[in-house]
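Chemist: Dropping a structure here in structure tokens format, bear with me for questions.
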Amino acid sequence: MTTTRLLATLCALLGYSALAFAEPTTSDGDAAAAGYRSENRSVSIADLAERDRLTGVWDGSPQVAEKRDWYADHFYDTLASQKRWHAGTGPFTTHEFQGEITWDIVAIPQKAPPPCGEPQPTAYDRESCRYVATLFTELETRDPAAARLARAQVRRGRDVWFKGTFGNQDEIYQHFSRVAGGIQNIRYPWLDTRERKNRFTQYGLINDPGCTEGDASTFWMDRCDDPFSSGVLGYRKYPAPGVVKDDDGKTVFDPASEDYNQRFVIGHPCVQCHVAFDPTHPPKDPNAPEWENIHALIGNQYIVQPLMFFQGTPHDSPIRQVLKGGRAGTIDTSLVANDFQHNPGTQNNIMDFFNKRVFEEDIKHPVTGEVKKAKTLHVLKGGEDSVGEHLALIRVYVNIGMCTEECWAPKFPNPGTFFGEKAAQRPFSIEQCAADCEAWNHADAKMPDLAAFLITGGPTYLLKAVDVDGTPGSDFVDTTAIPEGRKIFARECASCHSSKMAPDNIRADKAALARYYEGHVFGSEAFWQLEFSEAERSDEAFRNKYLSADGRPRQFADADVFGQDWLSNDEPVPFHQVGTNRCRALHDNHNAGHIWEEFSSETYKQRPSPGSVPRVTNRMVPGLGGIEIGEKIIEGGPGYLRNFSLLSVWATAPFLHNNAIGELTYLDDGQTLDTTVAGRIKQFEMAYAELMMSDDPAITPSRPQKIGVTDTDIRIAPREDMQGPIKLPVAKGTPIANFASSDPHRPLFMKCDDLVENKGHQFGISLSDDDKYALREFLKIL
């Protein structure tokens with residue numbers, strides 16, 4: 001099937017007309033002229049379809065299927081929404097937990113941007129045009145119409161990523177406030193425009209380059225060309241409802257109010273966790289970045305993201321201590337839909353997802369109930385969300401607040417209950433949510449566009465980087481060590497960290513692995529020659545076997561960008577083989593009967609048990625806590641961690657799923673985290689040195705054990721919202737996991753008992769110093 005026919009087919013399926021796609025072109029000179037140092041990939045949904053890489057069984061809710069044209073026509077009208085409360089109810093009235101729905105969902109319209117050939121209203125829109133203009137240039141020479149369609153879909157998907165909130169601001173007021181001790185503790189001091197000059201230094205937040213510092217005339221908010229921008233990327237501001245009413249009784253808001261909470265509510269699109277500085281083009285001043293310094297997909301390892309919503313809580317607030325217990329760049333994604341296991345993890349580094357390994361699994365359709373074989377990716381840390389990209393993406397929006405009161409919170413255990421249905425999670429119902437929460441359908445209709453944007457994200461290569469002082473990235477790597485490092489990688493690492501799957505019968509044979517990966521390029525095609533010695537590249541047998549007639553490595557000559565190694569096989573590995581902190585691997589929200597049941601495949605739920613763990617009495621019980629009594633068998637799907645990709649590993653230290661190996665470094669002021677190329681290399685080398693150490697404290701040298709603890713005395717109620725009349729004292733220095741990994745509805749035993757955060761992954765620690773050095777230098781070019 002031709003690309004044009006594939007795109008036309010997809011247009012028809014998604015309900016978009018050709019006119020709707022008549023968007024970006026390269027006629028905008030500014031957009032076309034400026035390139036990127038990070039990689040952008042000209043891969044489309046049509047390319048995935050052509051290679052049979054489309055996943056899942058879900059193509060939209062019944063509501064979306066019935067009105068595809070309407071959702072397409074109202075794409076920008078439905079990126080944001082809010083509740084319209086029925087008479088006698090409102091966001092600041094007493095609202096029963098898991099109570100009835102007493103509101104309607106109404107959209108907060110946003111203007112559709114003009115085509116890229118026309119003047120753009122905001123700096124963000126100009127950047128979108130610059131981004132898409134770099135894509136599909138080769139396709140444009142063959143089929144200009146197909147290129148326009150592909151660029152248009154990517155642009156819309158980018159707008160979903162940066163602007164789509166779908167009413168999730170209500171989670172903050174209706175749910176976060178419960179664990180914060182009340183709405184009065186939900187505060188955003190970083191919204192004050194006078195904080196703009198040190199937002200990154202103080203909070204790890206990235207200023208919107210389309211805004212400038214405001215003043216009293218802007219009511220001490222940033223002055224932005226986008227009226228919904230808060231001044232911070234990943235946070236959108238909307239007028240707060242229910243504060244002021246006009247003469248007709250219509251709800252308005254007071255922009256001059258001294259209380260930020262009464263002026264604006266804050267929505268948060270997915271980009272909040274993923275936007276960071278481009279490692280290949282860092283800003284000279286991280287508090288004043290330009291768009292060319294921004295990378296939307298790499299993940300922000302400099303921020304304790306959830307803490308941004310709880311800045312008004314006292315220092316000894318339990319939720320503040322729990323959130324601070326997660327290292328910078330991590331977030332416990334099960335914190336709200338609680339699995340009662342303290343397991344903060346890094347945000348996914350979204351690079352070359354089109355090359356992730358595709359699995360075939362049994363997947364149940366959440367409406368029809370039909371189970372059939374379908375393709376899926378392993379997305380989350382343990383391979384959960386294994387029902388295709390469409391549902392995997394939309395679940396994230398639920399997880400960050402979309403449809404909280406309509407579909408999500410009613411499935412949580414009721415705080416303080418010990419018996420009956422309300423003492424445990426119940427499965428989220430996709431069918432019910434689409435029926436009762438129109439925001440689900442607003443998002444559901446847009447997920448193919450979002451996927452189209454995400455698959456254009458590629459790696460950030462050190463050898464394309466230029467530091468703030470002009471130092472090229474090549475100055476930070478010893479290229480003479482790379483060929484030997486590549487051989488070590490093939491023997492020691494590639495059986496897990498390569499998408500070229502080695503046969504099972506040789507995965508334990510290092511000599512056989514070296515032969516299997518001979519001639520294979522792990523890194524970028526642009527730098528492939530660095531991976532092999534001059535003798536290898538000059539050898540006629542090598543050239544005949546691994547290079548095409550024009551001198552390209554065959555893997556790229558045959559498949560172009562689809563020949564790029566994703567540097568992971570995404571294989572699920574039992575937690576005890578990896579040896580890292582097991583609480584993330586034991587995450588069980590995707591089990592049958594648990595909240596995300598419909599977002600995991602039947603194959604996932606039937607994974608064999610990886611073994612058992614000790615059953616430990618609740619460590620919060622004085623005198624009796626911490627005693628091992630028997631074993632608990634892990635079953636139902638958890639107990640595994642997938643092998644993670646090493647793309648751009650040089651730029652994404654610290655390491656492990658929880659950023660516990662290595663530390664971040666600071667600029668000379670001692671306060672601002674170092675985002676320069678030199679800083680990232682220093683952080684990478686520190687983390688690598690720690691990774692290559694034993695985790696056994698009896699061995700010298702060994703990794704210093706890291707355990708997150710409270711930094712002050714606190715008092716905590718034994719409930720998931722940590723509120724209640726009876727509060728127990730918790731002394732300063734108590735491990736956070738002691739109370740964050742205990743289930744208040746089953747309080748006798750710890751849900752997970754594993755305190756050390758930086759243990760495990762003991763692969764390669766016995767290598768010689770020379771081999772460790774060569775491997776380190778090789779990893780820098782991936």
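Ordering of the structure tokens sets the chain letters (A, B, ...); residue numbers start at 1 within each chain; ligands are numbered from 1 in the order shown.
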DSSP says alpha helix (DSSP H) for which residues of range 468-691 of chain A? Put them as a ChimeraX atom specification?
Modeler: /A:482-492,510-516,534-538,540-546,554-559,575-578,602-605,677-691
Chemist: Residues of range 271-348 of chain A that have any atom at most 8 Å from an atom of range 649-664 of chain A: could you tabulate them with the shortest-distance atom pair and the distance in Å to one decimal, using only C-alpha atoms, ordered by chain and increasing number, as a Markdown table?
Modeler:
| residue | atom | partner | partner_atom | distance |
| --- | --- | --- | --- | --- |
| A:Pro279 | CA | A:Ala651 | CA | 6.2 |
| A:Gln301 | CA | A:Thr652 | CA | 7.4 |
| A:Gly326 | CA | A:Asn658 | CA | 7.9 |
| A:Arg327 | CA | A:Asn659 | CA | 6.6 |
| A:Ala328 | CA | A:Asn659 | CA | 7.6 |
| A:Gly329 | CA | A:Asn659 | CA | 7.2 |
| A:Thr330 | CA | A:Asn658 | CA | 6.3 |
| A:Asn343 | CA | A:Asn658 | CA | 7.8 |
| A:Pro344 | CA | A:Asn658 | CA | 6.0 |
| A:Gly345 | CA | A:Asn658 | CA | 4.4 |
| A:Thr346 | CA | A:Asn658 | CA | 5.6 |
Chemist: Skipping near chain neighbours, those fewer than 4 positions away, what residues fall within 7 Å of range 580-585 of chain A using only C-alpha atoms, listed as a PyMOL selection string?
Modeler: chain A and resi 341-343+382+575+638-641+752+754+756-761
Chemist: Taking the backbone alone, and naming residues the way the document does, which bits of range 234-453 of chain A are strand (DSSP E or B) by DSSP, as a PDB file with N, CA and C atoms, in the first residue's frame?
Modeler:
ATOM      1  N   ARG A 236      -0.976  24.719  33.036  1.00  0.00           N
ATOM      2  CA  ARG A 236      -1.902  25.609  32.347  1.00  0.00           C
ATOM      3  C   ARG A 236      -2.831  26.245  33.364  1.00  0.00           C
ATOM      4  N   LYS A 237      -3.131  27.511  33.194  1.00  0.00           N
ATOM      5  CA  LYS A 237      -3.987  28.201  34.157  1.00  0.00           C
ATOM      6  C   LYS A 237      -5.346  28.512  33.528  1.00  0.00           C
ATOM      7  N   TYR A 238      -6.386  28.282  34.333  1.00  0.00           N
ATOM      8  CA  TYR A 238      -7.749  28.558  33.904  1.00  0.00           C
ATOM      9  C   TYR A 238      -8.440  29.350  35.005  1.00  0.00           C
ATOM     10  N   PRO A 239      -9.395  30.209  34.644  1.00  0.00           N
ATOM     11  CA  PRO A 239     -10.104  30.969  35.678  1.00  0.00           C
ATOM     12  C   PRO A 239     -10.722  30.043  36.718  1.00  0.00           C
ATOM     13  N   VAL A 244     -16.454  34.497  42.203  1.00  0.00           N
ATOM     14  CA  VAL A 244     -17.216  35.733  42.067  1.00  0.00           C
ATOM     15  C   VAL A 244     -18.370  35.483  41.116  1.00  0.00           C
ATOM     16  N   LYS A 245     -19.531  36.018  41.429  1.00  0.00           N
ATOM     17  CA  LYS A 245     -20.677  35.908  40.529  1.00  0.00           C
ATOM     18  C   LYS A 245     -21.093  37.304  40.082  1.00  0.00           C
ATOM     19  N   THR A 251     -21.000  32.537  37.191  1.00  0.00           N
ATOM     20  CA  THR A 251     -19.708  32.434  37.861  1.00  0.00           C
ATOM     21  C   THR A 251     -18.615  33.068  37.011  1.00  0.00           C
ATOM     22  N   VAL A 252     -17.876  33.972  37.627  1.00  0.00           N
ATOM     23  CA  VAL A 252     -16.712  34.575  36.985  1.00  0.00           C
ATOM     24  C   VAL A 252     -15.546  34.434  37.945  1.00  0.00           C
ATOM     25  N   PHE A 264      -6.986  31.330  39.827  1.00  0.00           N
ATOM     26  CA  PHE A 264      -6.747  30.357  38.774  1.00  0.00           C
ATOM     27  C   PHE A 264      -6.727  28.949  39.353  1.00  0.00           C
ATOM     28  N   VAL A 265      -7.147  27.996  38.526  1.00  0.00           N
ATOM     29  CA  VAL A 265      -6.885  26.588  38.807  1.00  0.00           C
ATOM     30  C   VAL A 265      -5.823  26.141  37.807  1.00  0.00           C
ATOM     31  N   ILE A 266      -5.007  25.178  38.210  1.00  0.00           N
ATOM     32  CA  ILE A 266      -3.866  24.758  37.408  1.00  0.00           C
ATOM     33  C   ILE A 266      -4.103  23.361  36.853  1.00  0.00           C
ATOM     34  N   GLY A 267      -4.130  23.259  35.522  1.00  0.00           N
ATOM     35  CA  GLY A 267      -4.157  21.971  34.854  1.00  0.00           C
ATOM     36  C   GLY A 267      -2.750  21.574  34.449  1.00  0.00           C
ATOM     37  N   ALA A 276      12.252  18.953  29.442  1.00  0.00           N
ATOM     38  CA  ALA A 276      13.525  19.252  30.103  1.00  0.00           C
ATOM     39  C   ALA A 276      14.397  19.989  29.100  1.00  0.00           C
ATOM     40  N   PHE A 277      15.613  20.267  29.495  1.00  0.00           N
ATOM     41  CA  PHE A 277      16.524  20.942  28.585  1.00  0.00           C
ATOM     42  C   PHE A 277      17.153  19.935  27.632  1.00  0.00           C
ATOM     43  N   ILE A 294      14.878  23.540  24.606  1.00  0.00           N
ATOM     44  CA  ILE A 294      13.832  22.711  25.207  1.00  0.00           C
ATOM     45  C   ILE A 294      13.712  21.377  24.477  1.00  0.00           C
ATOM     46  N   HIS A 295      13.621  20.305  25.251  1.00  0.00           N
ATOM     47  CA  HIS A 295      13.330  18.971  24.706  1.00  0.00           C
ATOM     48  C   HIS A 295      12.057  18.473  25.381  1.00  0.00           C
ATOM     49  N   THR A 330      11.882  11.696  39.599  1.00  0.00           N
ATOM     50  CA  THR A 330      11.026  10.516  39.763  1.00  0.00           C
ATOM     51  C   THR A 330       9.644  10.945  40.237  1.00  0.00           C
ATOM     52  N   ILE A 331       8.721  10.053  40.021  1.00  0.00           N
ATOM     53  CA  ILE A 331       7.362  10.268  40.506  1.00  0.00           C
ATOM     54  C   ILE A 331       6.755   8.890  40.779  1.00  0.00           C
ATOM     55  N   GLY A 345       9.498   6.272  40.445  1.00  0.00           N
ATOM     56  CA  GLY A 345      10.283   5.884  39.280  1.00  0.00           C
ATOM     57  C   GLY A 345      10.464   7.047  38.327  1.00  0.00           C
ATOM     58  N   THR A 346      11.410   6.897  37.430  1.00  0.00           N
ATOM     59  CA  THR A 346      11.685   7.947  36.454  1.00  0.00           C
ATOM     60  C   THR A 346      10.569   8.013  35.411  1.00  0.00           C
ATOM     61  N   PHE A 359       5.229  -7.035  21.047  1.00  0.00           N
ATOM     62  CA  PHE A 359       4.837  -8.359  21.539  1.00  0.00           C
ATOM     63  C   PHE A 359       3.432  -8.680  21.044  1.00  0.00           C
ATOM     64  N   GLU A 360       3.126  -9.951  20.931  1.00  0.00           N
ATOM     65  CA  GLU A 360       1.759 -10.376  20.620  1.00  0.00           C
ATOM     66  C   GLU A 360       1.182 -11.039  21.859  1.00  0.00           C
ATOM     67  N   GLU A 361       0.068 -10.494  22.343  1.00  0.00           N
ATOM     68  CA  GLU A 361      -0.510 -10.977  23.590  1.00  0.00           C
ATOM     69  C   GLU A 361      -2.022 -11.073  23.456  1.00  0.00           C
ATOM     70  N   ASP A 362      -2.650 -11.774  24.393  1.00  0.00           N
ATOM     71  CA  ASP A 362      -4.106 -11.855  24.448  1.00  0.00           C
ATOM     72  C   ASP A 362      -4.635 -10.591  25.118  1.00  0.00           C
ATOM     73  N   ILE A 363      -5.475  -9.858  24.418  1.00  0.00           N
ATOM     74  CA  ILE A 363      -5.983  -8.583  24.920  1.00  0.00           C
ATOM     75  C   ILE A 363      -7.507  -8.614  24.889  1.00  0.00           C
ATOM     76  N   LYS A 364      -8.118  -8.202  25.994  1.00  0.00           N
ATOM     77  CA  LYS A 364      -9.581  -8.163  26.090  1.00  0.00           C
ATOM     78  C   LYS A 364     -10.078  -6.764  25.744  1.00  0.00           C
ATOM     79  N   VAL A 371     -11.749 -11.393  23.634  1.00  0.00           N
ATOM     80  CA  VAL A 371     -10.315 -11.577  23.827  1.00  0.00           C
ATOM     81  C   VAL A 371      -9.725 -12.095  22.527  1.00  0.00           C
ATOM     82  N   LYS A 372      -8.686 -11.403  22.054  1.00  0.00           N
ATOM     83  CA  LYS A 372      -8.030 -11.889  20.838  1.00  0.00           C
ATOM     84  C   LYS A 372      -6.563 -11.505  20.851  1.00  0.00           C
ATOM     85  N   LYS A 373      -5.801 -12.178  20.014  1.00  0.00           N
ATOM     86  CA  LYS A 373      -4.383 -11.873  19.879  1.00  0.00           C
ATOM     87  C   LYS A 373      -4.224 -10.499  19.226  1.00  0.00           C
ATOM     88  N   ALA A 374      -3.337  -9.692  19.790  1.00  0.00           N
ATOM     89  CA  ALA A 374      -3.048  -8.384  19.212  1.00  0.00           C
ATOM     90  C   ALA A 374      -1.655  -7.971  19.638  1.00  0.00           C
ATOM     91  N   LYS A 375      -1.111  -7.041  18.923  1.00  0.00           N
ATOM     92  CA  LYS A 375       0.229  -6.552  19.237  1.00  0.00           C
ATOM     93  C   LYS A 375       0.158  -5.504  20.335  1.00  0.00           C
ATOM     94  N   THR A 376       1.234  -5.430  21.113  1.00  0.00           N
ATOM     95  CA  THR A 376       1.320  -4.428  22.164  1.00  0.00           C
ATOM     96  C   THR A 376       2.780  -4.153  22.472  1.00  0.00           C
TER      97      THR A 376
END
Chemist: What does the distance from CA of Ala288 in chain A to CA of Pro209 in chain A come to in Å, to one decimal?
Modeler: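 These two atoms are separated by 7.4 Å.
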Chemist: Using only C-alpha atoms, what table do you get, as a tab-separated table, when you list each residue of range 69-171 of chain A with an atom no more than 9 Å from range 426-438 of chain A, its nearest pair of atoms, and their distance in Å rounded to one decimal, rows by chain then rising number?
Modeler:
residue	atom	partner	partner_atom	distance
A:Ile101	CA	A:Asp436	CA	8.7
A:Asp104	CA	A:Cys437	CA	8.3
A:Ile105	CA	A:Glu438	CA	6.2
A:Val106	CA	A:Glu438	CA	8.4
Chemist: Restrict the selected residues to C-alpha atoms and save them as a PDB file, in the first residue's frame.
Modeler:
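New file out_12.pdb:
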ATOM      1  CA  ILE A 101     -21.853  13.269  40.120  1.00  0.00           C
ATOM      2  CA  ASP A 104     -21.441  18.527  33.885  1.00  0.00           C
ATOM      3  CA  ILE A 105     -18.211  18.627  31.878  1.00  0.00           C
ATOM      4  CA  VAL A 106     -17.897  21.736  29.706  1.00  0.00           C
TER       5      VAL A 106
END
Chemist: How close does each residue of range 451-489 of chain A get to range 682-687 of chain A, giving the shortest atom pair and distance in Å to one decimal for every residue with an atom at most 12 Å away, counting only C-alpha atoms, sorted by chain and residue number, as CSV?
Modeler:
residue,atom,partner,partner_atom,distance
A:Leu462,CA,A:Phe684,CA,11.9
A:Phe476,CA,A:Lys682,CA,9.7
A:Val477,CA,A:Glu685,CA,11.1
Chemist: Of the residues A:Asp721, A:Asp125, A:Asp222, A:Asp52, which is the one nearest to Phe412 in chain A, using only C-alpha atoms?
Modeler: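 Ranking A:Asp721, A:Asp125, A:Asp222, A:Asp52 by distance to Phe412 in chain A, first place goes to A:Asp721.
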Chemist: From the list A:Cys116, A:Leu775, A:Ile781, A:Leu755, which residue is nearest Lys487 in chain A when using only C-alpha atoms?
Modeler: A:Leu775
Chemist: Write out as an mmCIF file with all heavy atoms, in the first residue's frame which residues come within 6 Å of range 734-747 of chain A when counting only C-alpha atoms, dropping same-chain ones fewer than 5 positions away.
Modeler:
data_model
loop_
_atom_site.group_PDB
_atom_site.id
_atom_site.type_symbol
_atom_site.label_atom_id
_atom_site.label_comp_id
_atom_site.auth_asym_id
_atom_site.auth_seq_id
_atom_site.Cartn_x
_atom_site.Cartn_y
_atom_site.Cartn_z
ATOM 1 N N PHE A 340 -0.004 1.130 47.749
ATOM 2 C CA PHE A 340 0.578 0.991 49.081
ATOM 3 C C PHE A 340 1.969 0.387 49.044
ATOM 4 O O PHE A 340 2.357 -0.400 49.909
ATOM 5 C CB PHE A 340 -0.352 0.192 49.996
ATOM 6 C CG PHE A 340 -1.744 0.756 50.041
ATOM 7 C CD1 PHE A 340 -2.813 0.066 49.506
ATOM 8 C CD2 PHE A 340 -1.981 2.009 50.592
ATOM 9 C CE1 PHE A 340 -4.088 0.596 49.518
ATOM 10 C CE2 PHE A 340 -3.259 2.546 50.611
ATOM 11 C CZ PHE A 340 -4.323 1.843 50.080
ATOM 12 N N GLN A 341 2.718 0.775 48.015
ATOM 13 C CA GLN A 341 4.124 0.383 47.910
ATOM 14 C C GLN A 341 4.896 1.615 47.473
ATOM 15 O O GLN A 341 4.626 2.170 46.410
ATOM 16 C CB GLN A 341 4.310 -0.749 46.891
ATOM 17 C CG GLN A 341 3.581 -2.012 47.288
ATOM 18 C CD GLN A 341 3.680 -3.106 46.234
ATOM 19 O OE1 GLN A 341 4.567 -3.929 46.300
ATOM 20 N NE2 GLN A 341 2.780 -3.122 45.287
ATOM 21 N N HIS A 342 5.825 2.042 48.259
ATOM 22 C CA HIS A 342 6.606 3.243 47.953
ATOM 23 C C HIS A 342 7.541 2.912 46.788
ATOM 24 O O HIS A 342 8.529 2.194 46.960
ATOM 25 C CB HIS A 342 7.410 3.652 49.191
ATOM 26 C CG HIS A 342 8.170 4.933 49.031
ATOM 27 N ND1 HIS A 342 7.578 6.111 48.647
ATOM 28 C CD2 HIS A 342 9.490 5.217 49.200
ATOM 29 C CE1 HIS A 342 8.489 7.068 48.601
ATOM 30 N NE2 HIS A 342 9.650 6.560 48.915
ATOM 31 N N PHE A 418 -12.076 -1.379 56.747
ATOM 32 C CA PHE A 418 -11.284 -2.609 56.856
ATOM 33 C C PHE A 418 -12.017 -3.834 56.303
ATOM 34 O O PHE A 418 -11.397 -4.872 56.091
ATOM 35 C CB PHE A 418 -10.908 -2.880 58.313
ATOM 36 C CG PHE A 418 -10.031 -1.815 58.898
ATOM 37 C CD1 PHE A 418 -10.578 -0.774 59.624
ATOM 38 C CD2 PHE A 418 -8.656 -1.838 58.709
ATOM 39 C CE1 PHE A 418 -9.766 0.215 60.160
ATOM 40 C CE2 PHE A 418 -7.846 -0.852 59.237
ATOM 41 C CZ PHE A 418 -8.402 0.184 59.955
ATOM 42 N N ARG A 619 6.125 -2.316 59.999
ATOM 43 C CA ARG A 619 7.227 -1.675 60.719
ATOM 44 C C ARG A 619 6.768 -0.502 61.576
ATOM 45 O O ARG A 619 7.551 -0.012 62.409
ATOM 46 C CB ARG A 619 8.298 -1.215 59.735
ATOM 47 C CG ARG A 619 9.057 -2.367 59.088
ATOM 48 C CD ARG A 619 10.172 -1.891 58.185
ATOM 49 N NE ARG A 619 10.920 -3.010 57.624
ATOM 50 C CZ ARG A 619 11.957 -3.603 58.222
ATOM 51 N NH1 ARG A 619 12.359 -3.164 59.414
ATOM 52 N NH2 ARG A 619 12.583 -4.609 57.655
ATOM 53 N N GLY A 708 15.723 6.604 51.737
ATOM 54 C CA GLY A 708 15.019 7.851 51.990
ATOM 55 C C GLY A 708 14.375 7.850 53.358
ATOM 56 O O GLY A 708 13.676 6.903 53.726
ATOM 57 N N VAL A 709 14.626 8.915 54.140
ATOM 58 C CA VAL A 709 14.104 9.000 55.508
ATOM 59 C C VAL A 709 13.441 10.357 55.719
ATOM 60 O O VAL A 709 13.687 11.313 54.981
ATOM 61 C CB VAL A 709 15.225 8.797 56.549
ATOM 62 C CG1 VAL A 709 15.866 7.425 56.401
ATOM 63 C CG2 VAL A 709 16.278 9.896 56.449
ATOM 64 N N THR A 710 12.613 10.438 56.738
ATOM 65 C CA THR A 710 12.011 11.718 57.106
ATOM 66 C C THR A 710 13.089 12.643 57.661
ATOM 67 O O THR A 710 14.008 12.190 58.341
ATOM 68 C CB THR A 710 10.921 11.525 58.160
ATOM 69 O OG1 THR A 710 11.495 10.901 59.327
ATOM 70 C CG2 THR A 710 9.797 10.639 57.641
ATOM 71 N N PRO A 718 -2.991 6.482 60.309
ATOM 72 C CA PRO A 718 -2.816 5.219 59.573
ATOM 73 C C PRO A 718 -3.906 5.013 58.515
ATOM 74 O O PRO A 718 -4.639 4.022 58.524
ATOM 75 C CB PRO A 718 -2.900 4.170 60.694
ATOM 76 C CG PRO A 718 -3.775 4.791 61.727
ATOM 77 C CD PRO A 718 -3.486 6.264 61.687
ATOM 78 N N ARG A 719 -4.023 5.987 57.618
ATOM 79 C CA ARG A 719 -4.953 5.903 56.498
ATOM 80 C C ARG A 719 -4.226 6.370 55.247
ATOM 81 O O ARG A 719 -3.212 7.063 55.335
ATOM 82 C CB ARG A 719 -6.182 6.799 56.720
ATOM 83 C CG ARG A 719 -6.951 6.475 57.946
ATOM 84 C CD ARG A 719 -8.241 7.250 58.124
ATOM 85 N NE ARG A 719 -8.447 8.403 57.268
ATOM 86 C CZ ARG A 719 -9.545 9.168 57.333
ATOM 87 N NH1 ARG A 719 -10.503 8.875 58.207
ATOM 88 N NH2 ARG A 719 -9.693 10.203 56.549
ATOM 89 N N CYS A 752 5.116 -4.003 50.863
ATOM 90 C CA CYS A 752 6.434 -4.299 50.304
ATOM 91 C C CYS A 752 7.457 -3.904 51.350
ATOM 92 O O CYS A 752 7.311 -2.847 51.984
ATOM 93 C CB CYS A 752 6.676 -3.535 49.002
ATOM 94 S SG CYS A 752 8.334 -3.797 48.306
#
Chemist: Just checking: using only C-alpha atoms, which residue out of A:Gly157, A:Gly204, A:Pro614, A:Pro503 ends up closest to Leu454 in chain A?
Modeler: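 Using only C-alpha atoms, Leu454 in chain A sits closest to A:Gly157.
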Chemist: May I ask for the distance between CA of His390 in chain A and CA of Gly56 in chain A, given in Å to one decimal place?
Modeler: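 Taking CA of His390 in chain A and CA of Gly56 in chain A, their separation equals 7.3 Å.
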Chemist: Do you know which residues are at most 12 Å from Arg537 in chain A counting only C-alpha atoms, after dropping those on the same chain fewer than 5 positions away, and could you put them as a list of chain:residue names?
Modeler: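 Skipping anything fewer than 5 positions along the chain leaves A:Pro483, A:Glu518, A:Gly519, A:Trp528, A:Gln529, A:Leu530, A:Glu531, A:Phe532, A:Phe542, A:Arg543, A:Asn544, A:Lys545, A:Tyr546, A:Leu547, A:Gly551, A:Arg552, A:Pro553.
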Chemist: Could you make a table, as JSON lines, of the residues of range 288-406 of chain A that have an atom within 6 Å of an atom of range 181-197 of chain A, each with its nearest atom pair and distance in Å to one decimal, counting only C-alpha atoms, in chain and number order?
Modeler:
{"residue": "A:Phe310", "atom": "CA", "partner": "A:Ile186", "partner_atom": "CA", "distance": 5.3}
{"residue": "A:Gln311", "atom": "CA", "partner": "A:Arg187", "partner_atom": "CA", "distance": 5.3}
{"residue": "A:Gly312", "atom": "CA", "partner": "A:Asn185", "partner_atom": "CA", "distance": 4.3}
{"residue": "A:Thr313", "atom": "CA", "partner": "A:Asn185", "partner_atom": "CA", "distance": 4.9}
